[in-house]
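As provided, start06.json (JSON, C-alpha atoms and all ligand atoms) reads as follows.
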```
[["chain", "number", "residue", "atom", "x", "y", "z"],
["A", 1, "MET", "CA", -17.10, 7.72, 11.35],
["A", 2, "ARG", "CA", -20.19, 5.50, 11.12],
["A", 3, "GLN", "CA", -19.54, 1.75, 11.38],
["A", 4, "LEU", "CA", -22.20, -0.49, 9.78],
["A", 5, "PHE", "CA", -20.60, -3.90, 10.41],
["A", 6, "PRO", "CA", -19.92, -5.97, 12.54],
["A", 7, "GLU", "CA", -22.20, -3.74, 14.62],
["A", 8, "THR", "CA", -23.42, -0.20, 14.15],
["A", 9, "ALA", "CA", -21.39, 2.34, 16.12],
["A", 10, "GLU", "CA", -19.55, 5.65, 15.85],
["A", 11, "VAL", "CA", -15.83, 4.86, 15.66],
["A", 12, "ASP", "CA", -12.55, 6.70, 15.62],
["A", 13, "VAL", "CA", -10.92, 5.65, 12.36],
["A", 14, "VAL", "CA", -7.30, 5.65, 13.57],
["A", 15, "THR", "CA", -8.25, 3.59, 16.63],
["A", 16, "ALA", "CA", -10.34, 1.14, 14.58],
["A", 17, "TYR", "CA", -7.58, 0.28, 12.08],
["A", 18, "ALA", "CA", -4.90, 0.25, 14.80],
["A", 19, "ALA", "CA", -6.86, -2.31, 16.84],
["A", 20, "ASP", "CA", -7.05, -4.88, 14.01],
["A", 21, "ASP", "CA", -5.09, -8.10, 14.36],
["A", 22, "ARG", "CA", -2.39, -8.53, 11.68],
["A", 23, "PRO", "CA", -0.28, -11.55, 12.59],
["A", 24, "PRO", "CA", 2.64, -11.80, 10.15],
["A", 25, "PRO", "CA", 3.22, -15.21, 8.59],
["A", 26, "GLU", "CA", 6.49, -16.84, 9.61],
["A", 27, "ASP", "CA", 8.63, -15.81, 6.64],
["A", 28, "ARG", "CA", 7.17, -12.50, 5.49],
["A", 29, "PRO", "CA", 5.14, -9.53, 6.73],
["A", 30, "TRP", "CA", 1.36, -9.29, 6.79],
["A", 31, "VAL", "CA", 0.41, -7.74, 3.43],
["A", 32, "LEU", "CA", -2.45, -5.25, 3.30],
["A", 33, "LEU", "CA", -3.69, -3.73, 0.02],
["A", 34, "ASN", "CA", -5.48, -0.40, 0.18],
["A", 35, "MET", "CA", -7.27, 0.83, -2.94],
["A", 36, "ILE", "CA", -10.23, 2.96, -3.97],
["A", 37, "THR", "CA", -12.57, 2.05, -6.82],
["A", 38, "SER", "CA", -15.78, 3.37, -8.30],
["A", 39, "ILE", "CA", -19.00, 1.30, -8.19],
["A", 40, "ASP", "CA", -18.06, -0.11, -11.61],
["A", 41, "GLY", "CA", -14.53, -0.97, -10.53],
["A", 42, "ALA", "CA", -12.55, 1.92, -12.03],
["A", 43, "THR", "CA", -9.28, 2.59, -10.22],
["A", 44, "ALA", "CA", -8.55, 5.91, -11.92],
["A", 45, "VAL", "CA", -10.24, 8.90, -13.54],
["A", 46, "ASP", "CA", -8.10, 10.37, -16.31],
["A", 47, "GLY", "CA", -5.16, 8.28, -15.10],
["A", 48, "LEU", "CA", -5.31, 9.30, -11.43],
["A", 49, "SER", "CA", -7.07, 7.94, -8.35],
["A", 50, "GLY", "CA", -7.71, 11.43, -6.93],
["A", 51, "GLY", "CA", -10.98, 11.85, -8.84],
["A", 52, "LEU", "CA", -12.48, 8.92, -6.92],
["A", 53, "GLY", "CA", -11.93, 9.96, -3.30],
["A", 54, "GLY", "CA", -12.56, 12.89, -1.00],
["A", 55, "PRO", "CA", -11.94, 13.94, 2.61],
["A", 56, "ALA", "CA", -13.38, 10.75, 4.16],
["A", 57, "ASP", "CA", -11.22, 8.56, 1.94],
["A", 58, "LYS", "CA", -8.15, 10.63, 2.86],
["A", 59, "GLU", "CA", -8.95, 10.10, 6.55],
["A", 60, "VAL", "CA", -9.13, 6.32, 6.08],
["A", 61, "PHE", "CA", -6.02, 6.36, 3.85],
["A", 62, "ARG", "CA", -4.05, 8.08, 6.64],
["A", 63, "ALA", "CA", -5.41, 5.73, 9.32],
["A", 64, "ILE", "CA", -4.32, 2.71, 7.28],
["A", 65, "ARG", "CA", -0.88, 4.22, 6.66],
["A", 66, "ALA", "CA", -0.58, 4.66, 10.43],
["A", 67, "VAL", "CA", -0.48, 0.87, 10.97],
["A", 68, "ALA", "CA", 2.19, 0.12, 8.35],
["A", 69, "ASP", "CA", 5.87, -0.50, 8.99],
["A", 70, "VAL", "CA", 6.54, -0.19, 5.26],
["A", 71, "ILE", "CA", 4.44, 1.32, 2.45],
["A", 72, "LEU", "CA", 5.18, -0.52, -0.78],
["A", 73, "VAL", "CA", 4.29, 1.13, -4.07],
["A", 74, "ALA", "CA", 5.01, 0.24, -7.68],
["A", 75, "ALA", "CA", 6.95, 2.78, -9.69],
["A", 76, "GLY", "CA", 4.05, 3.38, -12.10],
["A", 77, "THR", "CA", 1.87, 4.66, -9.27],
["A", 78, "LEU", "CA", 4.71, 6.63, -7.66],
["A", 79, "ARG", "CA", 5.26, 8.46, -10.95],
["A", 80, "ALA", "CA", 1.58, 8.88, -11.94],
["A", 81, "GLU", "CA", 0.40, 10.05, -8.53],
["A", 82, "GLN", "CA", 3.52, 12.17, -7.92],
["A", 83, "TYR", "CA", 4.04, 10.75, -4.46],
["A", 84, "GLY", "CA", 5.36, 13.04, -1.75],
["A", 85, "PRO", "CA", 7.32, 12.01, 1.33],
["A", 86, "VAL", "CA", 5.42, 9.93, 3.90],
["A", 87, "ARG", "CA", 4.30, 12.01, 6.87],
["A", 88, "ALA", "CA", 2.43, 11.34, 10.11],
["A", 89, "ASN", "CA", 0.99, 13.81, 12.60],
["A", 90, "ALA", "CA", 2.28, 14.02, 16.19],
["A", 91, "ALA", "CA", -0.56, 11.92, 17.63],
["A", 92, "VAL", "CA", 0.02, 9.11, 15.13],
["A", 93, "GLN", "CA", 3.77, 9.25, 15.75],
["A", 94, "ARG", "CA", 3.14, 8.90, 19.48],
["A", 95, "LEU", "CA", 0.83, 5.93, 18.91],
["A", 96, "ARG", "CA", 3.38, 4.27, 16.65],
["A", 97, "ARG", "CA", 6.23, 4.75, 19.13],
["A", 98, "ALA", "CA", 4.04, 3.28, 21.88],
["A", 99, "ARG", "CA", 3.51, 0.19, 19.66],
["A", 100, "GLY", "CA", 7.27, -0.11, 19.13],
["A", 101, "GLN", "CA", 7.10, 1.11, 15.51],
["A", 102, "ALA", "CA", 9.20, 3.78, 13.82],
["A", 103, "PRO", "CA", 7.35, 7.13, 14.05],
["A", 104, "ILE", "CA", 6.88, 7.27, 10.27],
["A", 105, "PRO", "CA", 6.42, 4.28, 7.94],
["A", 106, "ARG", "CA", 9.25, 3.65, 5.48],
["A", 107, "LEU", "CA", 8.50, 3.85, 1.76],
["A", 108, "ALA", "CA", 9.61, 1.06, -0.57],
["A", 109, "VAL", "CA", 9.37, 1.25, -4.37],
["A", 110, "VAL", "CA", 9.45, -1.58, -6.93],
["A", 111, "THR", "CA", 10.86, -0.81, -10.37],
["A", 112, "ALA", "CA", 12.47, -2.68, -13.25],
["A", 113, "SER", "CA", 13.45, 0.45, -15.19],
["A", 114, "LEU", "CA", 14.85, 2.43, -12.23],
["A", 115, "GLU", "CA", 13.39, 5.48, -13.97],
["A", 116, "LEU", "CA", 13.10, 7.44, -10.73],
["A", 117, "ASP", "CA", 14.01, 11.04, -10.02],
["A", 118, "VAL", "CA", 15.68, 11.14, -6.62],
["A", 119, "THR", "CA", 15.65, 14.95, -6.61],
["A", 120, "THR", "CA", 11.83, 14.93, -6.20],
["A", 121, "PRO", "CA", 10.45, 15.43, -2.65],
["A", 122, "VAL", "CA", 9.41, 11.80, -2.19],
["A", 123, "PHE", "CA", 13.12, 10.95, -2.11],
["A", 124, "ALA", "CA", 14.84, 14.25, -1.28],
["A", 125, "ASP", "CA", 12.57, 15.18, 1.67],
["A", 126, "ALA", "CA", 12.00, 11.68, 3.04],
["A", 127, "ASP", "CA", 12.43, 10.98, 6.72],
["A", 128, "ARG", "CA", 14.56, 7.95, 5.73],
["A", 129, "PRO", "CA", 15.73, 7.16, 2.18],
["A", 130, "PRO", "CA", 13.09, 5.02, 0.44],
["A", 131, "ILE", "CA", 14.03, 1.43, -0.26],
["A", 132, "VAL", "CA", 14.09, 0.68, -4.01],
["A", 133, "PHE", "CA", 13.75, -2.94, -5.13],
["A", 134, "THR", "CA", 15.09, -3.36, -8.64],
["A", 135, "THR", "CA", 17.22, -5.56, -10.87],
["A", 136, "THR", "CA", 20.99, -5.79, -11.20],
["A", 137, "ALA", "CA", 20.65, -4.89, -14.91],
["A", 138, "ALA", "CA", 18.82, -1.67, -13.99],
["A", 139, "VAL", "CA", 21.47, -0.80, -11.42],
["A", 140, "ALA", "CA", 24.19, -1.27, -14.04],
["A", 141, "ARG", "CA", 22.30, 1.16, -16.30],
["A", 142, "ARG", "CA", 20.88, 3.72, -13.88],
["A", 143, "GLY", "CA", 22.40, 3.04, -10.45],
["A", 144, "ASP", "CA", 24.74, 6.06, -10.50],
["A", 145, "ALA", "CA", 21.80, 8.40, -11.15],
["A", 146, "VAL", "CA", 19.75, 7.27, -8.15],
["A", 147, "ALA", "CA", 22.02, 5.65, -5.55],
["A", 148, "SER", "CA", 22.54, 8.85, -3.55],
["A", 149, "GLY", "CA", 18.80, 9.26, -2.89],
["A", 150, "CYS", "CA", 17.62, 5.78, -1.96],
["A", 151, "ASP", "CA", 18.48, 2.45, -0.42],
["A", 152, "LEU", "CA", 19.01, 0.32, -3.54],
["A", 153, "ARG", "CA", 18.29, -3.43, -3.33],
["A", 154, "ALA", "CA", 19.03, -5.29, -6.54],
["A", 155, "SER", "CA", 18.39, -8.89, -7.54],
["A", 156, "ASP", "CA", 19.03, -10.89, -10.70],
["A", 157, "GLY", "CA", 16.32, -11.50, -13.28],
["A", 158, "PRO", "CA", 14.08, -9.32, -15.44],
["A", 159, "ARG", "CA", 11.64, -8.44, -12.63],
["A", 160, "VAL", "CA", 11.73, -8.13, -8.86],
["A", 161, "ASP", "CA", 10.60, -11.29, -7.10],
["A", 162, "LEU", "CA", 7.98, -9.77, -4.81],
["A", 163, "GLY", "CA", 7.97, -12.76, -2.45],
["A", 164, "ALA", "CA", 11.72, -12.37, -1.95],
["A", 165, "ALA", "CA", 11.36, -8.60, -1.48],
["A", 166, "LEU", "CA", 8.71, -9.17, 1.22],
["A", 167, "ARG", "CA", 10.90, -11.76, 2.96],
["A", 168, "ALA", "CA", 13.75, -9.23, 2.97],
["A", 169, "LEU", "CA", 11.49, -6.56, 4.47],
["A", 170, "ARG", "CA", 10.62, -8.97, 7.26],
["A", 171, "HIS", "CA", 14.09, -10.33, 7.99],
["A", 172, "ASP", "CA", 16.37, -7.38, 7.15],
["A", 173, "ASP", "CA", 14.08, -4.47, 8.08],
["A", 174, "GLY", "CA", 11.92, -6.07, 10.76],
["A", 175, "ALA", "CA", 8.67, -5.13, 8.97],
["A", 176, "ALA", "CA", 5.63, -6.94, 10.36],
["A", 177, "VAL", "CA", 2.98, -5.06, 8.34],
["A", 178, "VAL", "CA", 3.48, -3.96, 4.73],
["A", 179, "LEU", "CA", 0.84, -1.72, 3.18],
["A", 180, "VAL", "CA", 0.68, -1.97, -0.60],
["A", 181, "GLU", "CA", -0.78, 1.12, -2.28],
["A", 182, "GLY", "CA", -0.84, -0.27, -5.82],
["A", 183, "GLY", "CA", -1.18, 0.01, -8.59],
["A", 184, "PRO", "CA", -3.27, -2.69, -10.19],
["A", 185, "SER", "CA", -0.34, -4.47, -11.87],
["A", 186, "ILE", "CA", 1.67, -5.03, -8.67],
["A", 187, "ASN", "CA", -1.59, -5.95, -6.90],
["A", 188, "GLY", "CA", -2.20, -8.53, -9.65],
["A", 189, "THR", "CA", 1.23, -10.10, -9.19],
["A", 190, "LEU", "CA", 0.78, -10.24, -5.40],
["A", 191, "THR", "CA", -2.69, -11.76, -5.77],
["A", 192, "GLU", "CA", -1.50, -14.40, -8.25],
["A", 193, "SER", "CA", 1.31, -15.28, -5.82],
["A", 194, "GLY", "CA", -1.03, -15.67, -2.82],
["A", 195, "LEU", "CA", 0.71, -12.82, -1.02],
["A", 196, "VAL", "CA", -2.31, -10.73, 0.02],
["A", 197, "ASP", "CA", -3.60, -11.04, 3.59],
["A", 198, "GLU", "CA", -5.97, -8.07, 3.77],
["A", 199, "VAL", "CA", -7.76, -5.77, 1.36],
["A", 200, "CYS", "CA", -9.07, -2.37, 2.40],
["A", 201, "LEU", "CA", -11.38, -1.22, -0.35],
["A", 202, "SER", "CA", -12.87, 2.25, -0.49],
["A", 203, "LEU", "CA", -15.95, 2.06, -2.71],
["A", 204, "ALA", "CA", -16.81, 5.47, -4.14],
["A", 205, "PRO", "CA", -20.41, 6.16, -5.23],
["A", 206, "LEU", "CA", -19.41, 6.90, -8.82],
["A", 207, "LEU", "CA", -19.90, 5.32, -12.23],
["A", 208, "VAL", "CA", -16.79, 5.99, -14.29],
["A", 209, "GLY", "CA", -16.46, 3.54, -17.19],
["A", 210, "GLY", "CA", -13.23, 4.07, -19.08],
["A", 211, "PRO", "CA", -10.11, 1.97, -19.50],
["A", 212, "SER", "CA", -8.58, 1.86, -16.03],
["A", 213, "ALA", "CA", -7.50, -1.54, -14.69],
["A", 214, "ARG", "CA", -9.34, -3.41, -11.98],
["A", 215, "LEU", "CA", -7.97, -3.33, -8.43],
["A", 216, "ALA", "CA", -5.74, -6.30, -9.24],
["A", 217, "HIS", "CA", -4.86, -6.87, -12.86],
["A", 218, "GLY", "CA", -2.62, -9.66, -14.10],
["A", 219, "ALA", "CA", -1.90, -12.24, -16.73],
["A", 220, "GLN", "CA", -2.89, -15.38, -14.89],
["A", 221, "THR", "CA", -6.07, -16.41, -13.12],
["A", 222, "GLY", "CA", -5.44, -18.63, -10.14],
["A", 223, "PRO", "CA", -8.05, -20.32, -8.00],
["A", 224, "PRO", "CA", -10.23, -17.65, -6.30],
["A", 225, "GLU", "CA", -9.20, -16.97, -2.74],
["A", 226, "ALA", "CA", -11.83, -16.27, -0.09],
["A", 227, "LEU", "CA", -11.32, -13.37, 2.30],
["A", 228, "GLU", "CA", -13.67, -12.60, 5.16],
["A", 229, "LEU", "CA", -15.56, -9.31, 5.54],
["A", 230, "ARG", "CA", -14.34, -7.82, 8.81],
["A", 231, "ARG", "CA", -15.64, -4.25, 8.89],
["A", 232, "VAL", "CA", -17.75, -1.74, 6.97],
["A", 233, "LEU", "CA", -17.52, 1.99, 7.63],
["A", 234, "THR", "CA", -19.35, 4.71, 5.75],
["A", 235, "ALA", "CA", -19.00, 8.47, 5.26],
["A", 236, "ASP", "CA", -19.92, 10.86, 2.44],
["A", 237, "GLY", "CA", -21.64, 8.03, 0.53],
["A", 238, "LEU", "CA", -18.44, 5.93, 0.36],
["A", 239, "LEU", "CA", -18.12, 2.47, 1.87],
["A", 240, "PHE", "CA", -14.84, 1.45, 3.52],
["A", 241, "LEU", "CA", -14.68, -2.33, 3.39],
["A", 242, "ARG", "CA", -12.07, -4.33, 5.24],
["A", 243, "TYR", "CA", -11.50, -7.94, 4.20],
["A", 244, "ALA", "CA", -8.87, -10.26, 5.68],
["A", 245, "ARG", "CA", -7.77, -13.88, 5.59],
["B", 301, "LIG", "N1", -7.52, 3.58, -7.14],
["B", 301, "LIG", "C1", -6.44, 3.41, -6.40],
["B", 301, "LIG", "O1", -6.51, 3.23, -5.17],
["B", 301, "LIG", "C2", -5.09, 3.43, -7.07],
["B", 301, "LIG", "C3", -3.94, 3.11, -6.33],
["B", 301, "LIG", "C4", -2.73, 3.10, -6.98],
["B", 301, "LIG", "C5", -2.66, 3.40, -8.33],
["B", 301, "LIG", "N2", -3.78, 3.71, -9.01],
["B", 301, "LIG", "C6", -3.71, 4.02, -10.45],
["B", 301, "LIG", "O2", -3.15, 2.92, -11.11],
["B", 301, "LIG", "C7", -2.38, 3.37, -12.23],
["B", 301, "LIG", "C8", -0.98, 2.79, -12.14],
["B", 301, "LIG", "O3", -1.07, 1.41, -11.99],
["B", 301, "LIG", "P1", -0.38, 0.39, -13.02],
["B", 301, "LIG", "O4", -0.97, -0.96, -12.76],
["B", 301, "LIG", "O5", -0.41, 0.97, -14.40],
["B", 301, "LIG", "O6", 1.11, 0.43, -12.57],
["B", 301, "LIG", "P2", 1.82, 0.12, -11.16],
["B", 301, "LIG", "O7", 1.48, -1.25, -10.69],
["B", 301, "LIG", "O8", 1.62, 1.24, -10.24],
["B", 301, "LIG", "O9", 3.32, 0.21, -11.64],
["B", 301, "LIG", "C9", 3.83, -0.67, -12.62],
["B", 301, "LIG", "C10", 5.32, -0.47, -12.62],
["B", 301, "LIG", "O10", 5.83, -0.87, -11.35],
["B", 301, "LIG", "C11", 7.05, -1.54, -11.51],
["B", 301, "LIG", "N3", 6.84, -2.95, -11.14],
["B", 301, "LIG", "C12", 5.70, -3.55, -10.73],
["B", 301, "LIG", "N4", 5.94, -4.83, -10.40],
["B", 301, "LIG", "C13", 7.26, -5.04, -10.61],
["B", 301, "LIG", "C14", 8.13, -6.16, -10.44],
["B", 301, "LIG", "N5", 7.68, -7.34, -9.98],
["B", 301, "LIG", "N6", 9.43, -6.01, -10.75],
["B", 301, "LIG", "C15", 9.90, -4.82, -11.18],
["B", 301, "LIG", "N7", 9.14, -3.71, -11.37],
["B", 301, "LIG", "C16", 7.84, -3.83, -11.07],
["B", 301, "LIG", "C17", 7.43, -1.36, -12.96],
["B", 301, "LIG", "O11", 8.08, -0.11, -12.94],
["B", 301, "LIG", "P3", 9.10, 0.43, -14.05],
["B", 301, "LIG", "O12", 8.22, 0.89, -15.17],
["B", 301, "LIG", "O13", 9.81, 1.57, -13.39],
["B", 301, "LIG", "O14", 9.97, -0.71, -14.42],
["B", 301, "LIG", "C18", 6.06, -1.29, -13.63],
["B", 301, "LIG", "O15", 6.09, -0.65, -14.90],
["B", 301, "LIG", "C19", -2.40, 4.87, -12.18],
["B", 301, "LIG", "O16", -3.41, 5.32, -13.04],
["B", 301, "LIG", "C20", -2.78, 5.16, -10.75],
["B", 301, "LIG", "O17", -3.43, 6.40, -10.64],
["B", 301, "LIG", "C21", -5.00, 3.72, -8.40]]
```

Final C-alpha cells representation of the file:
Amino acid sequence: MRQLFPETAEVDVVTAYAADDRPPPEDRPWVLLNMITSIDGATAVDGLSGGLGGPADKEVFRAIRAVADVILVAAGTLRAEQYGPVRANAAVQRLRRARGQAPIPRLAVVTASLELDVTTPVFADADRPPIVFTTTAAVARRGDAVASGCDLRASDGPRVDLGAALRALRHDDGAAVVLVEGGPSINGTLTESGLVDEVCLSLAPLLVGGPSARLAHGAQTGPPEALELRRVLTADGLLFLRYAR
C-alpha cells in the first residue's frame, strides 16, 4: 500500500501496523480506536459501516486487528454489524506467537442489557469465549441465558465503568493493547474519560449526509485533546490516518 507520510514509500500493511510503538500506561492497556467515516463524518450508511469501506479498508482493518490482545466492541455494534468470530490467517498467527501474543485476539463486549444471543457464531464458534462486561442487575435478569457462551464479568451500577474494565483487561487478562471497534457511543465515553491513546481513521471518499453519529459521540464536551499524526496510507481513494498520543 502507498504511504504518503511520514515519507512516501510502498509498505506492507501488516508490517507497518505491527511495527508501531504502543506502550501501555501503568494501570491499563494502550487503547486504539479504529473507525471508518465518510468525508462528511458519517459512520454508517443505512445503519451499517459496510457501505463506507471496501477491500483496502478490510486489509487495514485486519492489520490493525493483528496487533490487538483484545478487541473491545459495544453491544450495539456487535448486534448491528452481526459480528462473527475473530479469525486470523496462519501468517498473522505466526507473527503474533513470535511476539508472545495469543494467536487470535480475544473479543470483549460491553452491554448493560445483556441482550446477547450466545447461540450466534460470534459466541458459539469463538476460539475462546468472548468476555462480556455487564452489570450485576443484568446478570440477575439475563445471566442464565448467556452464561454458558461467554466469560461474564459483572459490576455494580447502571453502566459498566470502562476505566475499570480496561484495568481488569490489563491486570487479569494481561492485555497490553486493546482495539476498540466502536461504536460512536462507547468511543464517546472513552474520549470523555481520556482513555484513548490512538485513533486509526479510514477516511472514505464519500459524501453521505444522514443521521449517523460522529466517530465519538457523547453527552459531555471535555477539553480537546491533541493527538499527533503518525502515518498516512492511501489506496482506492481512501486515506488511512494514524494518530497517537
Ligand atoms: N464506521 C465505523 O467504523 C463503525 C464502527 C462501529 C460501529 N459503527 C456503527 O455505529 C452504530 C452503532 O453505534 P452506537 O453508538 O449506536 O452504539 P454502540 O456504541 O455500538 O453500542 C451502544 C451499546 O453498547 C452498550 N454500552 C456501551 N457503553 C456501555 C457502558 N459503559 N456500559 C454498559 N453498556 C454499554 C450498550 O448495550 P446494551 O444496549 O446491550 O445495553 C449500548 O446500548 C451502528 O450503526 C454501526 O454500524 C460504525

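The shell of residues at most 12 Å from Gly76 (chain A), with only C-alpha atoms counted and near chain neighbours (fewer than 4 positions) removed, consists of Gly47, Leu48, Ala80, Glu81, Gln82, Tyr83, Val109, Val110, Thr111, Ala112, Ser113, Leu114, Glu115, Leu116, Glu181, Gly182, Gly183, Pro184, Ser185 and Ile186 of chain A.
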
Can I get the selection written as an mmCIF file, in the frame of the given file, with C-alpha atoms?
```cif
data_model
loop_
_atom_site.group_PDB
_atom_site.id
_atom_site.type_symbol
_atom_site.label_atom_id
_atom_site.label_comp_id
_atom_site.auth_asym_id
_atom_site.auth_seq_id
_atom_site.Cartn_x
_atom_site.Cartn_y
_atom_site.Cartn_z
ATOM 1 C CA GLY A 47 -5.160 8.280 -15.100
ATOM 2 C CA LEU A 48 -5.310 9.300 -11.430
ATOM 3 C CA ALA A 80 1.580 8.880 -11.940
ATOM 4 C CA GLU A 81 0.400 10.050 -8.530
ATOM 5 C CA GLN A 82 3.520 12.170 -7.920
ATOM 6 C CA TYR A 83 4.040 10.750 -4.460
ATOM 7 C CA VAL A 109 9.370 1.250 -4.370
ATOM 8 C CA VAL A 110 9.450 -1.580 -6.930
ATOM 9 C CA THR A 111 10.860 -0.810 -10.370
ATOM 10 C CA ALA A 112 12.470 -2.680 -13.250
ATOM 11 C CA SER A 113 13.450 0.450 -15.190
ATOM 12 C CA LEU A 114 14.850 2.430 -12.230
ATOM 13 C CA GLU A 115 13.390 5.480 -13.970
ATOM 14 C CA LEU A 116 13.100 7.440 -10.730
ATOM 15 C CA GLU A 181 -0.780 1.120 -2.280
ATOM 16 C CA GLY A 182 -0.840 -0.270 -5.820
ATOM 17 C CA GLY A 183 -1.180 0.010 -8.590
ATOM 18 C CA PRO A 184 -3.270 -2.690 -10.190
ATOM 19 C CA SER A 185 -0.340 -4.470 -11.870
ATOM 20 C CA ILE A 186 1.670 -5.030 -8.670
#
```

Need the neighbours of (7.0, 3.8, 15.0): which residues are at most 12 Å away, counting only C-alpha atoms, as an NGL selection string?
:A and (65-70 or 87-106 or 174-177)

Top pick for closest residue to ligand LIG 301 (chain B), considering A:Ser202, A:Thr120, A:Thr43, A:Ser38 and counting all atoms listed in the file:
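The answer is A:Thr43, which sits nearest to ligand LIG 301 (chain B).
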
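Nearest-residue note for Leu72 (chain A): choosing from A:Gly143, A:Pro121, A:Gly188, A:Pro130, the minimum distance belongs to A:Pro130, counting only C-alpha atoms.
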
I'd like the contact shell of region 212-224 of chain A - 10 Å cut-off, all atoms listed in the file, skipping same-chain residues fewer than 3 positions apart - returned as a count of residues only.
32

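Our summary of the geometry notes that CA of Val132 (chain A) is positioned 20.8 Å from atom O1 of ligand LIG 301 (chain B).
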
Could you tell me how far CA of Cys150 (chain A) lies from atom C1 of ligand LIG 301 (chain B), in Å and to one decimal?
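Value for the CA of Cys150 (chain A)-atom C1 of ligand LIG 301 (chain B) distance: 24.6 Å.
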
Which centre and edge lengths in Å to one decimal define the box along x, y and z that fits every listed atom of ligand LIG 301 (chain B) plus 8 Å per side, as JSON?
```
{"center_x": 1.2, "center_y": -0.5, "center_z": -10.2, "size_x": 33.5, "size_y": 29.7, "size_z": 26.0}
```

Give me, please, the distance in Å between CA of Val178 (chain A) and atom P3 of ligand LIG 301 (chain B), quoted to one decimal.
20.1 Å

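Minimum atom-to-atom distances from A:Ile131, A:Ile39, A:Val160, A:Leu203 to Val146 (chain A) were compared using all atoms listed in the file, and the lowest value belongs to A:Ile131.
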